[in-house]
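For reference, input17.txt (compact mmCIF, C-alpha atoms (C1' of nucleotides)):
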```txt
# COMPACT_ATOMS: atom_id res chain seq x y z
CA MET A 1 134.37 -23.47 32.37
CA LEU A 2 137.39 -22.34 30.42
CA PHE A 3 137.90 -25.45 28.36
CA THR A 4 135.96 -28.14 26.62
CA THR A 5 135.92 -31.58 28.17
CA THR A 6 138.39 -32.73 25.52
CA THR A 7 140.89 -30.03 26.44
CA GLU A 8 140.46 -30.73 30.13
CA TYR A 9 141.21 -34.38 29.54
CA ALA A 10 144.24 -33.44 27.46
CA LEU A 11 145.67 -31.23 30.18
CA ARG A 12 145.01 -33.76 32.89
CA GLY A 13 146.42 -36.54 30.75
CA LEU A 14 149.55 -34.54 30.02
CA SER A 15 149.92 -33.75 33.71
CA GLU A 16 149.81 -37.43 34.49
CA LEU A 17 152.19 -38.22 31.68
CA VAL A 18 154.77 -35.73 32.88
CA MET A 19 154.39 -36.89 36.45
CA ARG A 20 155.05 -40.47 35.37
CA GLY A 21 158.23 -39.61 33.56
CA GLY A 22 156.72 -39.26 30.11
CA ALA A 23 159.25 -36.57 29.30
CA THR A 24 161.94 -39.22 28.96
CA GLN A 25 160.42 -42.71 28.79
CA PRO A 26 157.25 -43.96 27.13
CA VAL A 27 154.16 -44.27 29.29
CA LEU A 28 151.33 -46.63 28.42
CA LEU A 29 147.88 -45.19 28.14
CA ALA A 30 146.61 -48.01 30.33
CA ASP A 31 149.04 -47.02 33.10
CA LEU A 32 148.29 -43.37 32.68
CA VAL A 33 144.56 -43.60 33.22
CA GLU A 34 144.67 -46.14 36.04
CA GLY A 35 143.52 -44.65 39.31
CA THR A 36 141.98 -41.70 37.51
CA ASP A 37 138.53 -41.22 36.03
CA LEU A 38 139.95 -40.49 32.60
CA PRO A 39 138.09 -42.61 30.04
CA ARG A 40 140.72 -44.77 28.35
CA GLU A 41 139.25 -45.07 24.86
CA PHE A 42 138.42 -41.43 24.61
CA MET A 43 141.85 -40.43 25.89
CA ALA A 44 143.34 -42.50 23.09
CA LYS A 45 141.56 -40.24 20.60
CA VAL A 46 142.67 -37.10 22.36
CA PHE A 47 146.28 -38.25 22.51
CA GLN A 48 146.14 -39.14 18.83
CA ARG A 49 145.29 -35.55 18.10
CA LEU A 50 148.13 -34.34 20.29
CA VAL A 51 150.51 -36.58 18.36
CA LYS A 52 149.36 -35.01 15.11
CA ALA A 53 149.75 -31.57 16.65
CA GLY A 54 153.39 -32.32 17.42
CA ILE A 55 152.91 -32.24 21.17
CA LEU A 56 153.22 -35.95 21.82
CA HIS A 57 155.23 -38.73 20.29
CA SER A 58 153.85 -42.26 20.17
CA ALA A 59 155.28 -45.72 19.64
CA LYS A 60 153.40 -48.93 18.94
CA GLY A 61 154.05 -52.39 20.21
CA ARG A 62 156.14 -53.65 23.06
CA GLY A 63 158.03 -50.90 24.82
CA GLY A 64 155.74 -48.41 23.18
CA GLY A 65 153.54 -45.72 24.67
CA PHE A 66 153.47 -41.96 24.70
CA THR A 67 156.26 -39.49 25.34
CA LEU A 68 156.46 -35.73 25.00
CA ALA A 69 157.57 -34.67 21.54
CA ARG A 70 159.40 -31.70 23.07
CA PRO A 71 160.55 -30.61 26.53
CA GLY A 72 157.54 -30.09 28.78
CA GLU A 73 158.74 -26.62 29.70
CA GLU A 74 158.19 -25.57 26.11
CA ILE A 75 154.61 -26.76 25.90
CA SER A 76 152.16 -24.24 27.31
CA MET A 77 148.54 -24.80 28.27
CA MET A 78 147.76 -22.35 25.49
CA GLU A 79 149.43 -24.56 22.92
CA VAL A 80 147.34 -27.52 23.99
CA LEU A 81 144.20 -25.41 23.93
CA THR A 82 145.02 -24.08 20.49
CA ALA A 83 145.82 -27.51 19.13
CA LEU A 84 142.45 -28.85 20.22
CA GLU A 85 140.08 -25.92 19.93
CA GLY A 86 141.69 -23.73 17.32
CA PRO A 87 143.46 -20.40 17.59
CA GLN A 88 140.45 -18.11 17.38
CA HIS A 89 139.45 -18.62 20.99
CA PHE A 90 141.38 -15.67 22.26
CA ASN A 91 140.88 -13.21 19.48
CA GLY A 92 137.16 -12.62 19.79
CA CYS A 93 135.06 -10.39 22.03
CA VAL A 94 133.56 -11.52 25.30
CA LEU A 95 130.24 -11.78 23.61
CA GLY A 96 131.55 -14.08 20.93
CA LEU A 97 130.89 -11.85 17.97
CA ASP A 98 132.76 -12.80 14.86
CA ARG A 99 133.89 -9.28 14.32
CA CYS A 100 133.43 -6.08 16.28
CA ASN A 101 132.13 -4.31 13.25
CA ASP A 102 129.75 -1.58 12.17
CA ALA A 103 126.70 -3.78 12.11
CA MET A 104 127.25 -5.05 15.64
CA PRO A 105 130.14 -3.64 17.64
CA CYS A 106 131.17 -5.49 20.76
CA PRO A 107 130.00 -3.35 23.65
CA GLN A 108 132.53 -4.75 26.04
CA HIS A 109 135.68 -4.95 24.02
CA ASP A 110 137.61 -2.36 26.01
CA MET A 111 136.55 -3.50 29.44
CA TYR A 112 137.19 -7.14 28.77
CA LYS A 113 140.61 -6.63 27.26
CA PRO A 114 142.61 -6.60 30.52
CA VAL A 115 140.75 -9.65 31.78
CA ARG A 116 141.50 -11.56 28.62
CA HIS A 117 145.09 -10.41 28.82
CA ARG A 118 145.42 -11.83 32.30
CA LEU A 119 143.93 -15.10 31.20
CA ARG A 120 146.17 -15.33 28.19
CA ASP A 121 149.22 -14.65 30.34
CA TYR A 122 148.31 -17.46 32.64
CA LEU A 123 147.78 -19.91 29.82
CA THR A 124 150.88 -19.01 27.86
CA ASN A 125 153.15 -18.89 30.89
CA THR A 126 152.05 -22.15 32.45
CA SER A 127 153.71 -25.18 30.93
CA ILE A 128 152.64 -28.76 31.21
CA SER A 129 155.79 -29.33 33.24
CA ASP A 130 154.34 -26.90 35.73
CA LEU A 131 151.14 -28.91 35.74
CA GLY A 132 153.01 -32.16 36.28
CA THR A 133 155.12 -30.71 39.07
CA ALA A 134 152.12 -29.21 40.80
CA LEU A 135 150.25 -32.48 40.54
CA HIS A 136 153.18 -34.37 41.98
CA GLU A 137 153.52 -31.94 44.85
CA LYS A 138 149.82 -32.07 45.66
CA ARG A 139 149.87 -35.85 45.79
CA ARG A 140 152.94 -35.79 48.00
CA GLN A 141 151.20 -33.50 50.44
CA LEU A 142 148.14 -35.69 50.49
CA ALA A 143 150.23 -38.79 51.10
CA GLU A 144 152.00 -37.12 54.02
CA GLN A 145 148.66 -36.11 55.39
CA ALA A 146 147.46 -39.68 55.20
CA VAL A 147 150.48 -41.05 57.07
CA VAL A 148 150.09 -38.73 60.06
CA PRO A 149 146.38 -38.14 60.00
CA SER A 150 145.73 -37.01 63.57
CA ASN A 151 149.16 -35.86 64.72
CA GLY A 152 149.03 -32.30 66.02
CA THR A 153 152.50 -31.49 64.74
CA ALA A 154 151.67 -32.39 61.17
CA ARG A 155 150.58 -29.47 59.11
CA VAL A 156 147.28 -30.36 57.58
CA LYS A 157 145.53 -27.95 55.28
CA MET B 1 135.32 -18.62 24.50
CA LEU B 2 133.93 -17.85 27.91
CA PHE B 3 130.30 -18.57 27.25
CA THR B 4 128.08 -20.94 25.36
CA THR B 5 126.33 -19.62 22.28
CA THR B 6 123.12 -19.46 24.27
CA THR B 7 124.65 -17.22 26.91
CA GLU B 8 126.26 -15.04 24.28
CA TYR B 9 122.91 -14.59 22.60
CA ALA B 10 121.33 -13.79 25.94
CA LEU B 11 123.89 -11.10 26.72
CA ARG B 12 123.67 -9.61 23.28
CA GLY B 13 119.89 -9.75 23.34
CA LEU B 14 119.80 -8.06 26.72
CA SER B 15 122.21 -5.39 25.49
CA GLU B 16 119.88 -4.68 22.59
CA LEU B 17 116.87 -4.70 24.86
CA VAL B 18 118.38 -2.17 27.25
CA MET B 19 119.55 0.00 24.37
CA ARG B 20 116.03 0.07 22.97
CA GLY B 21 114.48 1.16 26.23
CA GLY B 22 113.49 -2.27 27.46
CA ALA B 23 114.11 -1.13 31.01
CA THR B 24 110.89 0.90 30.93
CA GLN B 25 108.76 -0.10 27.92
CA PRO B 26 108.18 -3.45 26.27
CA VAL B 27 110.28 -4.31 23.25
CA LEU B 28 109.14 -6.80 20.65
CA LEU B 29 111.42 -9.68 19.86
CA ALA B 30 110.93 -8.95 16.18
CA ASP B 31 112.21 -5.40 16.65
CA LEU B 32 115.04 -6.52 18.86
CA VAL B 33 116.59 -8.93 16.40
CA GLU B 34 116.12 -6.79 13.32
CA GLY B 35 119.42 -5.59 11.92
CA THR B 36 121.30 -8.17 13.99
CA ASP B 37 122.21 -11.76 13.23
CA LEU B 38 120.40 -13.01 16.31
CA PRO B 39 118.16 -15.94 15.28
CA ARG B 40 114.64 -14.92 16.19
CA GLU B 41 113.15 -18.30 17.05
CA PHE B 42 116.09 -19.37 19.11
CA MET B 43 116.18 -16.04 20.93
CA ALA B 44 112.54 -16.62 21.88
CA LYS B 45 113.60 -19.76 23.71
CA VAL B 46 116.49 -18.01 25.42
CA PHE B 47 114.31 -15.13 26.55
CA GLN B 48 111.73 -17.60 27.83
CA ARG B 49 114.38 -18.99 30.11
CA LEU B 50 115.35 -15.53 31.27
CA VAL B 51 111.71 -14.85 32.11
CA LYS B 52 111.60 -17.98 34.26
CA ALA B 53 114.86 -16.96 35.88
CA GLY B 54 113.28 -13.65 36.94
CA ILE B 55 115.53 -11.53 34.76
CA LEU B 56 112.95 -10.59 32.15
CA HIS B 57 109.26 -9.87 32.23
CA SER B 58 107.10 -10.71 29.26
CA ALA B 59 103.65 -9.70 28.05
CA LYS B 60 101.60 -11.32 25.34
CA GLY B 61 99.42 -9.72 22.74
CA ARG B 62 99.16 -6.17 21.52
CA GLY B 63 101.44 -3.81 23.37
CA GLY B 64 103.33 -6.80 24.66
CA GLY B 65 106.99 -7.73 24.43
CA PHE B 66 109.87 -8.04 26.83
CA THR B 67 110.98 -5.73 29.60
CA LEU B 68 113.56 -6.11 32.34
CA ALA B 69 112.08 -7.64 35.46
CA ARG B 70 114.40 -5.49 37.58
CA PRO B 71 116.62 -2.45 37.06
CA GLY B 72 119.36 -3.26 34.60
CA GLU B 73 122.00 -2.02 37.02
CA GLU B 74 121.11 -4.88 39.33
CA ILE B 75 121.49 -7.60 36.73
CA SER B 76 125.09 -8.70 36.30
CA MET B 77 126.58 -10.72 33.48
CA MET B 78 127.26 -13.33 36.14
CA GLU B 79 123.57 -13.61 36.96
CA VAL B 80 122.74 -14.23 33.32
CA LEU B 81 125.51 -16.78 33.05
CA THR B 82 124.37 -18.54 36.19
CA ALA B 83 120.75 -18.58 35.09
CA LEU B 84 121.63 -20.28 31.82
CA GLU B 85 124.62 -22.45 32.62
CA GLY B 86 124.24 -23.17 36.30
CA PRO B 87 126.17 -21.90 39.31
CA GLN B 88 128.98 -24.45 39.29
CA HIS B 89 130.89 -22.75 36.50
CA PHE B 90 133.02 -20.70 38.82
CA ASN B 91 133.57 -23.08 41.65
CA GLY B 92 135.64 -25.69 39.87
CA CYS B 93 139.32 -25.97 39.05
CA VAL B 94 140.84 -24.86 35.78
CA LEU B 95 141.00 -28.45 34.76
CA GLY B 96 137.33 -29.00 35.35
CA LEU B 97 137.61 -31.59 38.07
CA ASP B 98 134.50 -32.09 40.11
CA ARG B 99 136.42 -31.87 43.31
CA CYS B 100 140.06 -31.23 44.11
CA ASN B 101 140.25 -34.37 46.13
CA ASP B 102 142.61 -37.15 47.19
CA ALA B 103 142.06 -39.25 44.10
CA MET B 104 142.83 -36.40 41.75
CA PRO B 105 143.81 -33.06 43.21
CA CYS B 106 143.78 -30.09 40.90
CA PRO B 107 147.40 -29.26 40.19
CA GLN B 108 146.68 -25.66 39.37
CA HIS B 109 144.22 -24.57 41.98
CA ASP B 110 146.48 -22.04 43.65
CA MET B 111 147.89 -20.52 40.50
CA TYR B 112 144.56 -20.22 38.79
CA LYS B 113 142.79 -18.66 41.74
CA PRO B 114 143.80 -15.02 41.08
CA VAL B 115 142.92 -15.36 37.41
CA ARG B 116 139.51 -16.72 38.21
CA HIS B 117 139.05 -14.00 40.78
CA ARG B 118 139.71 -11.36 38.17
CA LEU B 119 137.27 -12.96 35.80
CA ARG B 120 134.62 -13.26 38.47
CA ASP B 121 135.06 -9.62 39.40
CA TYR B 122 134.53 -8.58 35.85
CA LEU B 123 131.40 -10.63 35.44
CA THR B 124 129.80 -9.69 38.75
CA ASN B 125 130.62 -6.01 38.44
CA THR B 126 129.43 -5.55 34.89
CA SER B 127 125.68 -5.07 34.61
CA ILE B 128 123.56 -5.41 31.53
CA SER B 129 122.98 -1.67 31.78
CA ASP B 130 126.69 -1.30 31.27
CA LEU B 131 126.45 -3.53 28.23
CA GLY B 132 123.55 -1.53 26.83
CA THR B 133 125.30 1.77 27.43
CA ALA B 134 128.50 0.56 25.87
CA LEU B 135 126.64 -0.75 22.86
CA HIS B 136 124.82 2.54 22.44
CA GLU B 137 128.05 4.49 22.70
CA LYS B 138 129.84 2.29 20.18
CA ARG B 139 127.04 2.70 17.67
CA ARG B 140 127.05 6.45 18.21
CA GLN B 141 130.78 6.58 17.46
CA LEU B 142 130.34 4.51 14.36
CA ALA B 143 127.54 6.74 13.13
CA GLU B 144 129.66 9.83 13.65
CA GLN B 145 132.47 8.16 11.79
CA ALA B 146 130.17 7.40 8.89
CA VAL B 147 128.93 10.99 8.59
CA VAL B 148 132.42 12.48 8.34
CA PRO B 149 134.30 9.58 6.84
CA SER B 150 137.29 11.35 5.28
CA ASN B 151 137.45 14.56 7.26
CA GLY B 152 140.85 15.03 8.87
CA THR B 153 139.40 16.73 11.93
CA ALA B 154 137.19 13.80 12.86
CA ARG B 155 138.71 11.39 15.29
CA VAL B 156 138.55 7.99 13.72
CA LYS B 157 139.81 4.97 15.57
C1' DC C 1 158.26 -66.44 11.24
C1' DG C 2 154.65 -66.25 14.60
C1' DA C 3 152.87 -64.37 18.74
C1' DT C 4 152.09 -60.49 21.31
C1' DC C 5 151.79 -55.89 22.44
C1' DA C 6 149.98 -51.18 22.04
C1' DA C 7 148.69 -47.29 19.37
C1' DA C 8 145.95 -45.88 14.97
C1' DG C 9 141.83 -45.62 12.91
C1' DG C 10 137.09 -46.59 11.47
C1' DA C 11 132.28 -47.39 12.73
C1' DC C 12 128.92 -46.60 15.65
C1' DT C 13 125.88 -44.79 19.64
C1' DA C 14 124.19 -41.31 22.99
C1' DA C 15 123.53 -36.91 24.56
C1' DG C 16 123.48 -32.16 24.27
C1' DA C 17 123.59 -27.71 21.75
C1' DC C 18 121.67 -25.17 18.28
C1' DA C 19 117.90 -24.05 15.44
C1' DT C 20 113.26 -23.97 13.10
C1' DC C 21 108.34 -24.68 12.61
C1' DC C 22 103.77 -24.87 14.10
C1' DT C 23 100.10 -24.72 17.48
C1' DT C 24 98.34 -22.81 21.78
C1' DT C 25 97.58 -19.33 25.22
C1' DG C 26 96.45 -15.00 26.80
C1' DA C 27 95.90 -10.14 26.22
C1' DA C 28 94.33 -5.92 23.71
C1' DT C 29 91.70 -3.71 20.02
C1' DT C 30 87.58 -3.30 17.14
C1' DA D 1 82.32 -11.65 20.62
C1' DA D 2 85.63 -11.69 16.94
C1' DT D 3 90.03 -10.47 15.40
C1' DT D 4 94.65 -9.65 15.92
C1' DC D 5 98.81 -9.63 18.11
C1' DA D 6 102.91 -11.66 20.37
C1' DA D 7 104.90 -14.71 23.61
C1' DA D 8 104.64 -19.78 25.40
C1' DG D 9 105.38 -24.24 24.41
C1' DG D 10 105.65 -28.65 21.97
C1' DA D 11 107.60 -31.28 18.19
C1' DT D 12 111.11 -32.01 15.27
C1' DG D 13 115.60 -31.82 12.81
C1' DT D 14 120.57 -31.18 12.41
C1' DC D 15 125.15 -30.87 14.01
C1' DT D 16 128.76 -31.31 17.29
C1' DT D 17 130.74 -33.40 21.33
C1' DA D 18 131.53 -37.22 24.12
C1' DG D 19 132.28 -41.91 24.47
C1' DT D 20 132.69 -47.06 23.22
C1' DC D 21 133.94 -50.99 20.47
C1' DC D 22 136.35 -53.51 17.14
C1' DT D 23 139.71 -54.07 13.49
C1' DT D 24 144.15 -52.72 11.51
C1' DT D 25 148.87 -51.31 11.61
C1' DG D 26 153.36 -51.54 13.02
C1' DA D 27 156.85 -52.73 16.28
C1' DT D 28 159.22 -56.09 19.36
C1' DC D 29 160.19 -60.43 21.48
C1' DG D 30 160.64 -65.43 21.34
```
Please lay out the structure from this file as structure tokens.
Amino acid sequence: MLFTTTTEYALRGLSELVMRGGATQPVLLADLVEGTDLPREFMAKVFQRLVKAGILHSAKGRGGGFTLARPGEEISMMEVLTALEGPQHFNGCVLGLDRCNDAMPCPQHDMYKPVRHRLRDYLTNTSISDLGTALHEKRRQLAEQAVVPSNGTARVK
Amino acid sequence: MLFTTTTEYALRGLSELVMRGGATQPVLLADLVEGTDLPREFMAKVFQRLVKAGILHSAKGRGGGFTLARPGEEISMMEVLTALEGPQHFNGCVLGLDRCNDAMPCPQHDMYKPVRHRLRDYLTNTSISDLGTALHEKRRQLAEQAVVPSNGTARVK
DNA sequence: CGATCAAAGGACTAAGACATCCTTTGAATT
DNA sequence: AATTCAAAGGATGTCTTAGTCCTTTGATCG
């Protein structure tokens, strides 16, 4: 809804990367996608773009793989979005007009502004480290749930 | 950003329709797009879909055109969005996962929830009448501005 | 140096979005 | 009934997005 498929893959891929220690040691694409439904070949293209955008670092050959180019705390969802879809995504009106101008003013500019602001806040203030941590935590909870599946004392959501 | 081009066109077209009295009398597509950059032929397709969705009513031949099928106050942006892009757009995670499940839980579900809620509120509580009114008002302001362009007493934004 | 490993990159296919053109249908006017 | 009007609908074309496959590049290990 908010992102293109490409951006969604990027964010999910980065979450996985962070969760697998990609902040410090290289992670292979093959390892990263295993157990997920992320399409390997396509992810390779997406990660290539992230390398060029200065978000990822890559190394070929043995001991290679992908690592974060910078600390994960410094990479926001917004930066990923911008790298892949361009910067203009948050400057336009709700209705997608190029410009709110004389010929066709955006009738919703004022009402949409606070909504967009909220959205922008979320995207700029959430880092891919946050995504990785949240993913890790979710999986931990699910694992715990699986171990004590029908025990009344276990908190199961 | 939020919508596909098709949905944007639909919302803009409906805004124009309402502004031109399409709530009560039929408006021709040709009239509706004139002075805008809305592509006539493509808009015809979009409006066809809105007719089938029960949002618009159409009439062929002389005296024909498009009118709202129901009062504009009762038609929300969300309804238009849903009619054109399907209902699943607001039920998913930020990351676009089909389901937040064991195999791949959404790492951001909880944090994104309030943001989505805000967005949903905006879209369900804004009707196409609101859009039409806002459009009309904006154009009125611009016209006023144009009449007294360099007069110090005129409030110009 | 040669083998192997893994990302980079090019070529290609499929599907969907966006857009236009032309014919058909149905209604109103003469 | 004939004409005209305007939307409905089918056919087609183009572009972008999504996705796969295969070759090349560059690094490391033996």
List the spatial neighbours of DA11 of chain C as a tab-separated table (two decimals) with C-alpha atoms (C1' of nucleotides), in the coordinates of the input - criterion: any atom at most 12 Å away, only C-alpha atoms (C1' of nucleotides), same-chain residues fewer than 4 positions off excluded.
```
chain	number	residue	atom	x	y	z
D	20	DT	C1'	132.69	-47.06	23.22
D	21	DC	C1'	133.94	-50.99	20.47
D	22	DC	C1'	136.35	-53.51	17.14
D	23	DT	C1'	139.71	-54.07	13.49
```
**Study point:** Non-local contacts of DG26 of chain D (10 Å; all atoms listed in the file; under 4 positions in same chain excluded) as a PyMOL selection string
**Key:** (chain A and resi 59-61) or (chain C and resi 6-8)
Produce a file of the selected residues containing C-alpha atoms (C1' of nucleotides), as an mmCIF file, keeping the file's coordinate frame.
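Final file, selection-v5.cif:
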```cif
data_model
loop_
_atom_site.group_PDB
_atom_site.id
_atom_site.type_symbol
_atom_site.label_atom_id
_atom_site.label_comp_id
_atom_site.auth_asym_id
_atom_site.auth_seq_id
_atom_site.Cartn_x
_atom_site.Cartn_y
_atom_site.Cartn_z
ATOM 1 C CA ALA A 59 155.280 -45.720 19.640
ATOM 2 C CA LYS A 60 153.400 -48.930 18.940
ATOM 3 C CA GLY A 61 154.050 -52.390 20.210
ATOM 4 C "C1'" DA C 6 149.980 -51.180 22.040
ATOM 5 C "C1'" DA C 7 148.690 -47.290 19.370
ATOM 6 C "C1'" DA C 8 145.950 -45.880 14.970
#
```
Review point. Taking only C-alpha atoms (C1' of nucleotides) into account, what are the residues of chain A at most 9 Å from chain D, put as JSON, numbers by chain?
Key: {"A": [5, 6, 39, 41, 42, 59, 60, 61, 62, 63, 64]}
Check your understanding: Residues of chain B within 9 Å of chain A, using only C-alpha atoms, as a PyMOL selection string?
Key -> chain B and resi 1-5+7-9+11-12+15+35-37+88-90+92-97+102-108+111-112+115-116+118-119+122+130-139+142-143
Revision key, fill the gap. Expressed in Å, the length from atom CA of Leu28 of chain B to atom C1' of DT20 of chain C is 19.2 Å
Practice item. Would you give me, as a PyMOL selection string, the residues of chain C that come within 10 Å of chain B, using all atoms listed in the file? Key: chain C and resi 17-21+25-29
Review point. Could you work out how far atom CA of Arg70 of chain B lies from atom CA of Pro87 of chain B, giving the answer in Å with one decimal?
Key: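 According to the coordinates, atom CA of Pro87 of chain B and atom CA of Arg70 of chain B are separated by 20.3 Å.
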Rotated and translated chain B onto chain A by C-alpha atoms, as a compact mmCIF listing (two decimals) with C-alpha atoms, in the coordinates of the input:
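What landed in result_13.txt:
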```txt
# COMPACT_ATOMS: atom_id res chain seq x y z
CA MET B 1 134.36 -23.52 32.51
CA LEU B 2 137.30 -22.39 30.46
CA PHE B 3 137.83 -25.49 28.40
CA THR B 4 135.91 -28.21 26.67
CA THR B 5 135.93 -31.65 28.24
CA THR B 6 138.37 -32.77 25.58
CA THR B 7 140.86 -30.06 26.47
CA GLU B 8 140.45 -30.75 30.16
CA TYR B 9 141.20 -34.40 29.56
CA ALA B 10 144.21 -33.46 27.47
CA LEU B 11 145.64 -31.23 30.19
CA ARG B 12 144.99 -33.77 32.89
CA GLY B 13 146.40 -36.56 30.75
CA LEU B 14 149.51 -34.54 30.02
CA SER B 15 149.91 -33.75 33.71
CA GLU B 16 149.79 -37.45 34.48
CA LEU B 17 152.17 -38.22 31.66
CA VAL B 18 154.76 -35.72 32.86
CA MET B 19 154.38 -36.90 36.44
CA ARG B 20 155.05 -40.47 35.36
CA GLY B 21 158.22 -39.58 33.52
CA GLY B 22 156.70 -39.25 30.08
CA ALA B 23 159.22 -36.54 29.27
CA THR B 24 161.95 -39.17 28.94
CA GLN B 25 160.42 -42.67 28.74
CA PRO B 26 157.26 -43.92 27.10
CA VAL B 27 154.17 -44.26 29.26
CA LEU B 28 151.36 -46.63 28.40
CA LEU B 29 147.89 -45.21 28.13
CA ALA B 30 146.66 -48.04 30.31
CA ASP B 31 149.06 -47.05 33.08
CA LEU B 32 148.31 -43.39 32.67
CA VAL B 33 144.58 -43.65 33.22
CA GLU B 34 144.71 -46.19 36.02
CA GLY B 35 143.57 -44.73 39.31
CA THR B 36 142.02 -41.76 37.51
CA ASP B 37 138.57 -41.29 36.03
CA LEU B 38 139.99 -40.53 32.61
CA PRO B 39 138.12 -42.66 30.03
CA ARG B 40 140.74 -44.79 28.35
CA GLU B 41 139.26 -45.08 24.87
CA PHE B 42 138.41 -41.44 24.64
CA MET B 43 141.85 -40.43 25.91
CA ALA B 44 143.34 -42.50 23.08
CA LYS B 45 141.56 -40.26 20.61
CA VAL B 46 142.66 -37.10 22.39
CA PHE B 47 146.27 -38.22 22.53
CA GLN B 48 146.12 -39.13 18.85
CA ARG B 49 145.26 -35.54 18.13
CA LEU B 50 148.10 -34.32 20.31
CA VAL B 51 150.48 -36.55 18.37
CA LYS B 52 149.33 -34.98 15.11
CA ALA B 53 149.69 -31.55 16.66
CA GLY B 54 153.35 -32.30 17.43
CA ILE B 55 152.89 -32.21 21.18
CA LEU B 56 153.20 -35.93 21.82
CA HIS B 57 155.23 -38.70 20.28
CA SER B 58 153.85 -42.21 20.16
CA ALA B 59 155.30 -45.67 19.63
CA LYS B 60 153.44 -48.86 18.91
CA GLY B 61 154.09 -52.33 20.19
CA ARG B 62 156.20 -53.60 23.03
CA GLY B 63 158.06 -50.86 24.82
CA GLY B 64 155.78 -48.36 23.17
CA GLY B 65 153.53 -45.69 24.63
CA PHE B 66 153.46 -41.93 24.68
CA THR B 67 156.24 -39.46 25.32
CA LEU B 68 156.42 -35.69 24.99
CA ALA B 69 157.52 -34.64 21.54
CA ARG B 70 159.36 -31.68 23.06
CA PRO B 71 160.49 -30.59 26.52
CA GLY B 72 157.50 -30.08 28.76
CA GLU B 73 158.69 -26.61 29.69
CA GLU B 74 158.14 -25.54 26.11
CA ILE B 75 154.56 -26.74 25.90
CA SER B 76 152.10 -24.24 27.32
CA MET B 77 148.50 -24.81 28.28
CA MET B 78 147.70 -22.35 25.51
CA GLU B 79 149.37 -24.56 22.93
CA VAL B 80 147.28 -27.52 24.01
CA LEU B 81 144.15 -25.42 23.95
CA THR B 82 144.96 -24.08 20.51
CA ALA B 83 145.75 -27.52 19.14
CA LEU B 84 142.38 -28.87 20.23
CA GLU B 85 140.02 -25.93 19.97
CA GLY B 86 141.60 -23.75 17.34
CA PRO B 87 143.42 -20.42 17.60
CA GLN B 88 140.40 -18.13 17.43
CA HIS B 89 139.43 -18.65 21.05
CA PHE B 90 141.38 -15.69 22.30
CA ASN B 91 140.90 -13.24 19.52
CA GLY B 92 137.18 -12.65 19.85
CA CYS B 93 135.09 -10.40 22.06
CA VAL B 94 133.58 -11.49 25.34
CA LEU B 95 130.28 -11.76 23.60
CA GLY B 96 131.62 -14.09 20.97
CA LEU B 97 131.03 -11.89 17.97
CA ASP B 98 132.97 -12.85 14.90
CA ARG B 99 134.10 -9.32 14.37
CA CYS B 100 133.58 -6.12 16.30
CA ASN B 101 132.24 -4.40 13.26
CA ASP B 102 129.81 -1.72 12.12
CA ALA B 103 126.79 -4.00 12.09
CA MET B 104 127.37 -5.18 15.63
CA PRO B 105 130.27 -3.75 17.57
CA CYS B 106 131.26 -5.52 20.74
CA PRO B 107 130.09 -3.33 23.59
CA GLN B 108 132.62 -4.69 26.02
CA HIS B 109 135.80 -4.91 24.04
CA ASP B 110 137.71 -2.31 26.02
CA MET B 111 136.60 -3.44 29.45
CA TYR B 112 137.21 -7.09 28.78
CA LYS B 113 140.65 -6.60 27.30
CA PRO B 114 142.63 -6.56 30.58
CA VAL B 115 140.75 -9.60 31.84
CA ARG B 116 141.49 -11.53 28.70
CA HIS B 117 145.09 -10.40 28.88
CA ARG B 118 145.40 -11.83 32.36
CA LEU B 119 143.89 -15.09 31.27
CA ARG B 120 146.13 -15.30 28.24
CA ASP B 121 149.18 -14.65 30.38
CA TYR B 122 148.26 -17.45 32.67
CA LEU B 123 147.73 -19.91 29.87
CA THR B 124 150.83 -19.02 27.88
CA ASN B 125 153.10 -18.89 30.90
CA THR B 126 152.01 -22.15 32.46
CA SER B 127 153.68 -25.19 30.92
CA ILE B 128 152.60 -28.77 31.21
CA SER B 129 155.76 -29.33 33.23
CA ASP B 130 154.32 -26.91 35.72
CA LEU B 131 151.11 -28.91 35.74
CA GLY B 132 152.99 -32.16 36.26
CA THR B 133 155.10 -30.71 39.04
CA ALA B 134 152.11 -29.24 40.78
CA LEU B 135 150.24 -32.51 40.53
CA HIS B 136 153.19 -34.41 41.95
CA GLU B 137 153.52 -31.96 44.81
CA LYS B 138 149.83 -32.10 45.66
CA ARG B 139 149.88 -35.88 45.77
CA ARG B 140 152.97 -35.81 47.96
CA GLN B 141 151.21 -33.51 50.43
CA LEU B 142 148.17 -35.71 50.48
CA ALA B 143 150.27 -38.80 51.11
CA GLU B 144 152.04 -37.10 54.00
CA GLN B 145 148.69 -36.08 55.38
CA ALA B 146 147.47 -39.65 55.20
CA VAL B 147 150.48 -41.06 57.06
CA VAL B 148 150.10 -38.72 60.04
CA PRO B 149 146.39 -38.07 59.92
CA SER B 150 145.71 -36.98 63.51
CA ASN B 151 149.11 -35.81 64.66
CA GLY B 152 149.00 -32.24 65.92
CA THR B 153 152.48 -31.46 64.65
CA ALA B 154 151.64 -32.28 61.04
CA ARG B 155 150.55 -29.35 58.97
CA VAL B 156 147.23 -30.24 57.48
CA LYS B 157 145.47 -27.84 55.18
```
Review point. Interatomic distance between atom CA of Ala30 of chain B and atom CA of Glu73 of chain B?
Key: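 Going from atom CA of Ala30 of chain B over to atom CA of Glu73 of chain B covers 24.6 Å.
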Exercise for review: Write out as a count of residues only the residues lying within 9 Å of Asn125 of chain B, counting only C-alpha atoms (C1' of nucleotides) and excluding same-chain residues fewer than 6 positions away.
Suggested key: 3
